[in-house]
Amino acid sequence: AEDLINFWVKNAMNPSGVPKTWYDIQKDGTVTWRTEPTHLRIAADGMVGALDAWRIVKRPEWLAFARKFGDLLVTKQ
């Protein structure tokens with residue numbers, strides 16, 4: 001489970017604070033991100049998962065991942 005959260009934390013966040021939400025895995029293990037728009041509900045659900053995981057394991061990078069998205073939302077409210 002930690003590897004899954006680590007994958008998202010290391011790969012999904014854009015510099016803007018908007019996370020990528022959809023990807024495909026090729027047969028050789030290569031990950032390609034889809035170019036579909038990010039929907040607020042999907043991104044927020046993912047952050048709830050990251051925060052739930054953080055509450056259990058307390059990995060600071062997991063909290064930072066969710067916080068970056070939260071900070072973006074605060075600046076755009």
# chains A, B, ... in the order shown; residues from 1 in each chain; ligands from 1
call {"tool": "select_by_dssp", "arguments": {"residues": "chain A", "states": "alpha helix (DSSP H)", "output": "VMD selection string"}}
result
chain A and resid 2 to 11 40 to 57 60 to 76
call {"tool": "residues_around", "arguments": {"residues": "Ile42 of chain A", "least_positions_apart": "5", "cutoff": "12 Å", "atoms": "only C-alpha atoms", "output": "compact mmCIF listing (two decimals) with N, CA, C and O atoms, in the first residue's frame"}}
result
# COMPACT_ATOMS: atom_id res chain seq x y z
N VAL A 18 -2.08 21.19 -9.29
CA VAL A 18 -3.18 20.38 -9.82
C VAL A 18 -2.62 18.98 -10.12
O VAL A 18 -1.72 18.84 -10.95
N PRO A 19 -3.14 17.95 -9.46
CA PRO A 19 -2.59 16.62 -9.70
C PRO A 19 -3.10 16.00 -11.00
O PRO A 19 -4.21 16.29 -11.44
N LYS A 20 -2.26 15.17 -11.59
CA LYS A 20 -2.71 14.32 -12.70
C LYS A 20 -3.55 13.21 -12.07
O LYS A 20 -3.28 12.78 -10.95
N THR A 21 -4.57 12.76 -12.77
CA THR A 21 -5.46 11.78 -12.14
C THR A 21 -5.61 10.47 -12.90
O THR A 21 -6.12 9.51 -12.35
N TRP A 22 -5.21 10.40 -14.14
CA TRP A 22 -5.41 9.18 -14.93
C TRP A 22 -4.11 8.78 -15.62
O TRP A 22 -3.45 9.61 -16.23
N PRO A 37 -8.67 16.41 -18.65
CA PRO A 37 -8.66 17.42 -17.58
C PRO A 37 -8.84 16.78 -16.20
O PRO A 37 -9.43 15.71 -16.08
N MET A 47 -6.91 13.12 -2.62
CA MET A 47 -6.25 13.77 -1.49
C MET A 47 -6.78 13.23 -0.16
O MET A 47 -6.03 13.11 0.81
N VAL A 48 -8.06 12.89 -0.11
CA VAL A 48 -8.61 12.26 1.10
C VAL A 48 -7.87 10.95 1.36
O VAL A 48 -7.49 10.65 2.50
N GLY A 49 -7.63 10.18 0.31
CA GLY A 49 -6.88 8.93 0.46
C GLY A 49 -5.46 9.18 0.95
O GLY A 49 -4.97 8.45 1.82
call {"tool": "atom_distance", "arguments": {"atom1": "atom CA of Trp62 of chain A", "atom2": "atom CA of Val9 of chain A"}}
result
6.4 Å
call {"tool": "closest_residue", "arguments": {"among": "A:Asp24, A:Pro15, A:Phe65, A:Lys76", "to": "Gly46 of chain A", "atoms": "only C-alpha atoms"}}
result
A:Phe65
call {"tool": "select_by_dssp", "arguments": {"residues": "chain A", "states": "strand (DSSP E or B)", "output": "PyMOL selection string"}}
result
chain A and resi 13+19+23-25+31-33
call {"tool": "decode", "arguments": {"residues": "segment 34-48 of chain A", "atoms": "all heavy atoms", "output": "PDB file, in the first residue's frame"}}
result
ATOM      1  N   ARG A  34      -2.537  10.362 -18.989  1.00  0.00           N
ATOM      2  CA  ARG A  34      -3.546  10.818 -19.948  1.00  0.00           C
ATOM      3  C   ARG A  34      -3.632  12.337 -19.919  1.00  0.00           C
ATOM      4  O   ARG A  34      -3.302  12.962 -18.919  1.00  0.00           O
ATOM      5  CB  ARG A  34      -4.909  10.212 -19.613  1.00  0.00           C
ATOM      6  CG  ARG A  34      -4.907   8.701 -19.723  1.00  0.00           C
ATOM      7  CD  ARG A  34      -6.279   8.166 -19.455  1.00  0.00           C
ATOM      8  NE  ARG A  34      -6.263   6.709 -19.408  1.00  0.00           N
ATOM      9  CZ  ARG A  34      -7.341   5.979 -19.187  1.00  0.00           C
ATOM     10  NH1 ARG A  34      -8.520   6.566 -19.007  1.00  0.00           N
ATOM     11  NH2 ARG A  34      -7.248   4.673 -19.151  1.00  0.00           N
ATOM     12  N   THR A  35      -4.099  12.903 -20.999  1.00  0.00           N
ATOM     13  CA  THR A  35      -4.186  14.368 -21.091  1.00  0.00           C
ATOM     14  C   THR A  35      -5.584  14.888 -20.771  1.00  0.00           C
ATOM     15  O   THR A  35      -5.879  16.043 -21.043  1.00  0.00           O
ATOM     16  CB  THR A  35      -3.776  14.825 -22.502  1.00  0.00           C
ATOM     17  OG1 THR A  35      -4.621  14.195 -23.465  1.00  0.00           O
ATOM     18  CG2 THR A  35      -2.324  14.481 -22.792  1.00  0.00           C
ATOM     19  N   GLU A  36      -6.408  14.052 -20.177  1.00  0.00           N
ATOM     20  CA  GLU A  36      -7.762  14.482 -19.812  1.00  0.00           C
ATOM     21  C   GLU A  36      -7.695  15.531 -18.703  1.00  0.00           C
ATOM     22  O   GLU A  36      -6.771  15.539 -17.901  1.00  0.00           O
ATOM     23  CB  GLU A  36      -8.568  13.267 -19.334  1.00  0.00           C
ATOM     24  CG  GLU A  36      -8.728  12.225 -20.419  1.00  0.00           C
ATOM     25  CD  GLU A  36      -9.250  10.902 -19.899  1.00  0.00           C
ATOM     26  OE1 GLU A  36      -9.642  10.822 -18.730  1.00  0.00           O
ATOM     27  OE2 GLU A  36      -9.252   9.946 -20.682  1.00  0.00           O
ATOM     28  N   PRO A  37      -8.666  16.412 -18.646  1.00  0.00           N
ATOM     29  CA  PRO A  37      -8.657  17.423 -17.582  1.00  0.00           C
ATOM     30  C   PRO A  37      -8.838  16.777 -16.205  1.00  0.00           C
ATOM     31  O   PRO A  37      -9.426  15.707 -16.077  1.00  0.00           O
ATOM     32  CB  PRO A  37      -9.845  18.321 -17.923  1.00  0.00           C
ATOM     33  CG  PRO A  37     -10.706  17.534 -18.835  1.00  0.00           C
ATOM     34  CD  PRO A  37      -9.830  16.536 -19.527  1.00  0.00           C
ATOM     35  N   THR A  38      -8.308  17.452 -15.209  1.00  0.00           N
ATOM     36  CA  THR A  38      -8.482  17.000 -13.830  1.00  0.00           C
ATOM     37  C   THR A  38      -9.788  17.562 -13.301  1.00  0.00           C
ATOM     38  O   THR A  38     -10.048  18.762 -13.401  1.00  0.00           O
ATOM     39  CB  THR A  38      -7.306  17.493 -12.966  1.00  0.00           C
ATOM     40  OG1 THR A  38      -6.114  16.879 -13.447  1.00  0.00           O
ATOM     41  CG2 THR A  38      -7.503  17.129 -11.507  1.00  0.00           C
ATOM     42  N   HIS A  39     -10.614  16.712 -12.739  1.00  0.00           N
ATOM     43  CA  HIS A  39     -11.887  17.137 -12.149  1.00  0.00           C
ATOM     44  C   HIS A  39     -11.707  17.285 -10.644  1.00  0.00           C
ATOM     45  O   HIS A  39     -11.051  16.460  -9.998  1.00  0.00           O
ATOM     46  CB  HIS A  39     -12.986  16.126 -12.468  1.00  0.00           C
ATOM     47  CG  HIS A  39     -13.230  15.984 -13.940  1.00  0.00           C
ATOM     48  ND1 HIS A  39     -13.957  16.898 -14.659  1.00  0.00           N
ATOM     49  CD2 HIS A  39     -12.810  15.060 -14.835  1.00  0.00           C
ATOM     50  CE1 HIS A  39     -13.994  16.542 -15.927  1.00  0.00           C
ATOM     51  NE2 HIS A  39     -13.294  15.423 -16.060  1.00  0.00           N
ATOM     52  N   LEU A  40     -12.277  18.323 -10.084  1.00  0.00           N
ATOM     53  CA  LEU A  40     -12.109  18.638  -8.671  1.00  0.00           C
ATOM     54  C   LEU A  40     -12.490  17.463  -7.772  1.00  0.00           C
ATOM     55  O   LEU A  40     -11.767  17.135  -6.833  1.00  0.00           O
ATOM     56  CB  LEU A  40     -12.919  19.880  -8.319  1.00  0.00           C
ATOM     57  CG  LEU A  40     -12.819  20.354  -6.875  1.00  0.00           C
ATOM     58  CD1 LEU A  40     -11.384  20.692  -6.509  1.00  0.00           C
ATOM     59  CD2 LEU A  40     -13.717  21.560  -6.674  1.00  0.00           C
ATOM     60  N   ARG A  41     -13.614  16.827  -8.042  1.00  0.00           N
ATOM     61  CA  ARG A  41     -14.056  15.726  -7.185  1.00  0.00           C
ATOM     62  C   ARG A  41     -13.058  14.585  -7.172  1.00  0.00           C
ATOM     63  O   ARG A  41     -12.733  14.028  -6.121  1.00  0.00           O
ATOM     64  CB  ARG A  41     -15.422  15.199  -7.615  1.00  0.00           C
ATOM     65  CG  ARG A  41     -15.946  14.108  -6.680  1.00  0.00           C
ATOM     66  CD  ARG A  41     -17.146  13.387  -7.258  1.00  0.00           C
ATOM     67  NE  ARG A  41     -16.873  12.718  -8.501  1.00  0.00           N
ATOM     68  CZ  ARG A  41     -16.293  11.518  -8.619  1.00  0.00           C
ATOM     69  NH1 ARG A  41     -15.865  10.876  -7.557  1.00  0.00           N
ATOM     70  NH2 ARG A  41     -16.115  10.972  -9.795  1.00  0.00           N
ATOM     71  N   ILE A  42     -12.527  14.232  -8.335  1.00  0.00           N
ATOM     72  CA  ILE A  42     -11.574  13.122  -8.419  1.00  0.00           C
ATOM     73  C   ILE A  42     -10.288  13.477  -7.693  1.00  0.00           C
ATOM     74  O   ILE A  42      -9.742  12.675  -6.930  1.00  0.00           O
ATOM     75  CB  ILE A  42     -11.322  12.753  -9.891  1.00  0.00           C
ATOM     76  CG1 ILE A  42     -12.606  12.186 -10.503  1.00  0.00           C
ATOM     77  CG2 ILE A  42     -10.170  11.764 -10.021  1.00  0.00           C
ATOM     78  CD1 ILE A  42     -12.563  12.029 -12.008  1.00  0.00           C
ATOM     79  N   ALA A  43      -9.794  14.690  -7.913  1.00  0.00           N
ATOM     80  CA  ALA A  43      -8.570  15.117  -7.232  1.00  0.00           C
ATOM     81  C   ALA A  43      -8.776  15.167  -5.723  1.00  0.00           C
ATOM     82  O   ALA A  43      -7.923  14.707  -4.955  1.00  0.00           O
ATOM     83  CB  ALA A  43      -8.126  16.478  -7.760  1.00  0.00           C
ATOM     84  N   ALA A  44      -9.906  15.696  -5.292  1.00  0.00           N
ATOM     85  CA  ALA A  44     -10.180  15.789  -3.854  1.00  0.00           C
ATOM     86  C   ALA A  44     -10.307  14.402  -3.224  1.00  0.00           C
ATOM     87  O   ALA A  44      -9.804  14.181  -2.113  1.00  0.00           O
ATOM     88  CB  ALA A  44     -11.443  16.603  -3.616  1.00  0.00           C
ATOM     89  N   ASP A  45     -10.953  13.479  -3.906  1.00  0.00           N
ATOM     90  CA  ASP A  45     -11.043  12.102  -3.385  1.00  0.00           C
ATOM     91  C   ASP A  45      -9.660  11.499  -3.216  1.00  0.00           C
ATOM     92  O   ASP A  45      -9.380  10.802  -2.231  1.00  0.00           O
ATOM     93  CB  ASP A  45     -11.881  11.223  -4.308  1.00  0.00           C
ATOM     94  CG  ASP A  45     -13.370  11.499  -4.221  1.00  0.00           C
ATOM     95  OD1 ASP A  45     -13.795  12.239  -3.311  1.00  0.00           O
ATOM     96  OD2 ASP A  45     -14.112  10.967  -5.080  1.00  0.00           O
ATOM     97  N   GLY A  46      -8.769  11.755  -4.180  1.00  0.00           N
ATOM     98  CA  GLY A  46      -7.403  11.255  -4.064  1.00  0.00           C
ATOM     99  C   GLY A  46      -6.669  11.852  -2.878  1.00  0.00           C
ATOM    100  O   GLY A  46      -5.911  11.163  -2.191  1.00  0.00           O
ATOM    101  N   MET A  47      -6.908  13.119  -2.619  1.00  0.00           N
ATOM    102  CA  MET A  47      -6.251  13.766  -1.486  1.00  0.00           C
ATOM    103  C   MET A  47      -6.783  13.231  -0.161  1.00  0.00           C
ATOM    104  O   MET A  47      -6.028  13.108   0.806  1.00  0.00           O
ATOM    105  CB  MET A  47      -6.428  15.287  -1.550  1.00  0.00           C
ATOM    106  CG  MET A  47      -5.747  15.919  -2.728  1.00  0.00           C
ATOM    107  SD  MET A  47      -3.995  15.501  -2.832  1.00  0.00           S
ATOM    108  CE  MET A  47      -3.820  15.498  -4.611  1.00  0.00           C
ATOM    109  N   VAL A  48      -8.062  12.891  -0.112  1.00  0.00           N
ATOM    110  CA  VAL A  48      -8.605  12.262   1.097  1.00  0.00           C
ATOM    111  C   VAL A  48      -7.867  10.952   1.364  1.00  0.00           C
ATOM    112  O   VAL A  48      -7.486  10.652   2.495  1.00  0.00           O
ATOM    113  CB  VAL A  48     -10.131  12.036   0.972  1.00  0.00           C
ATOM    114  CG1 VAL A  48     -10.642  11.140   2.091  1.00  0.00           C
ATOM    115  CG2 VAL A  48     -10.863  13.364   0.984  1.00  0.00           C
TER     116      VAL A  48
END
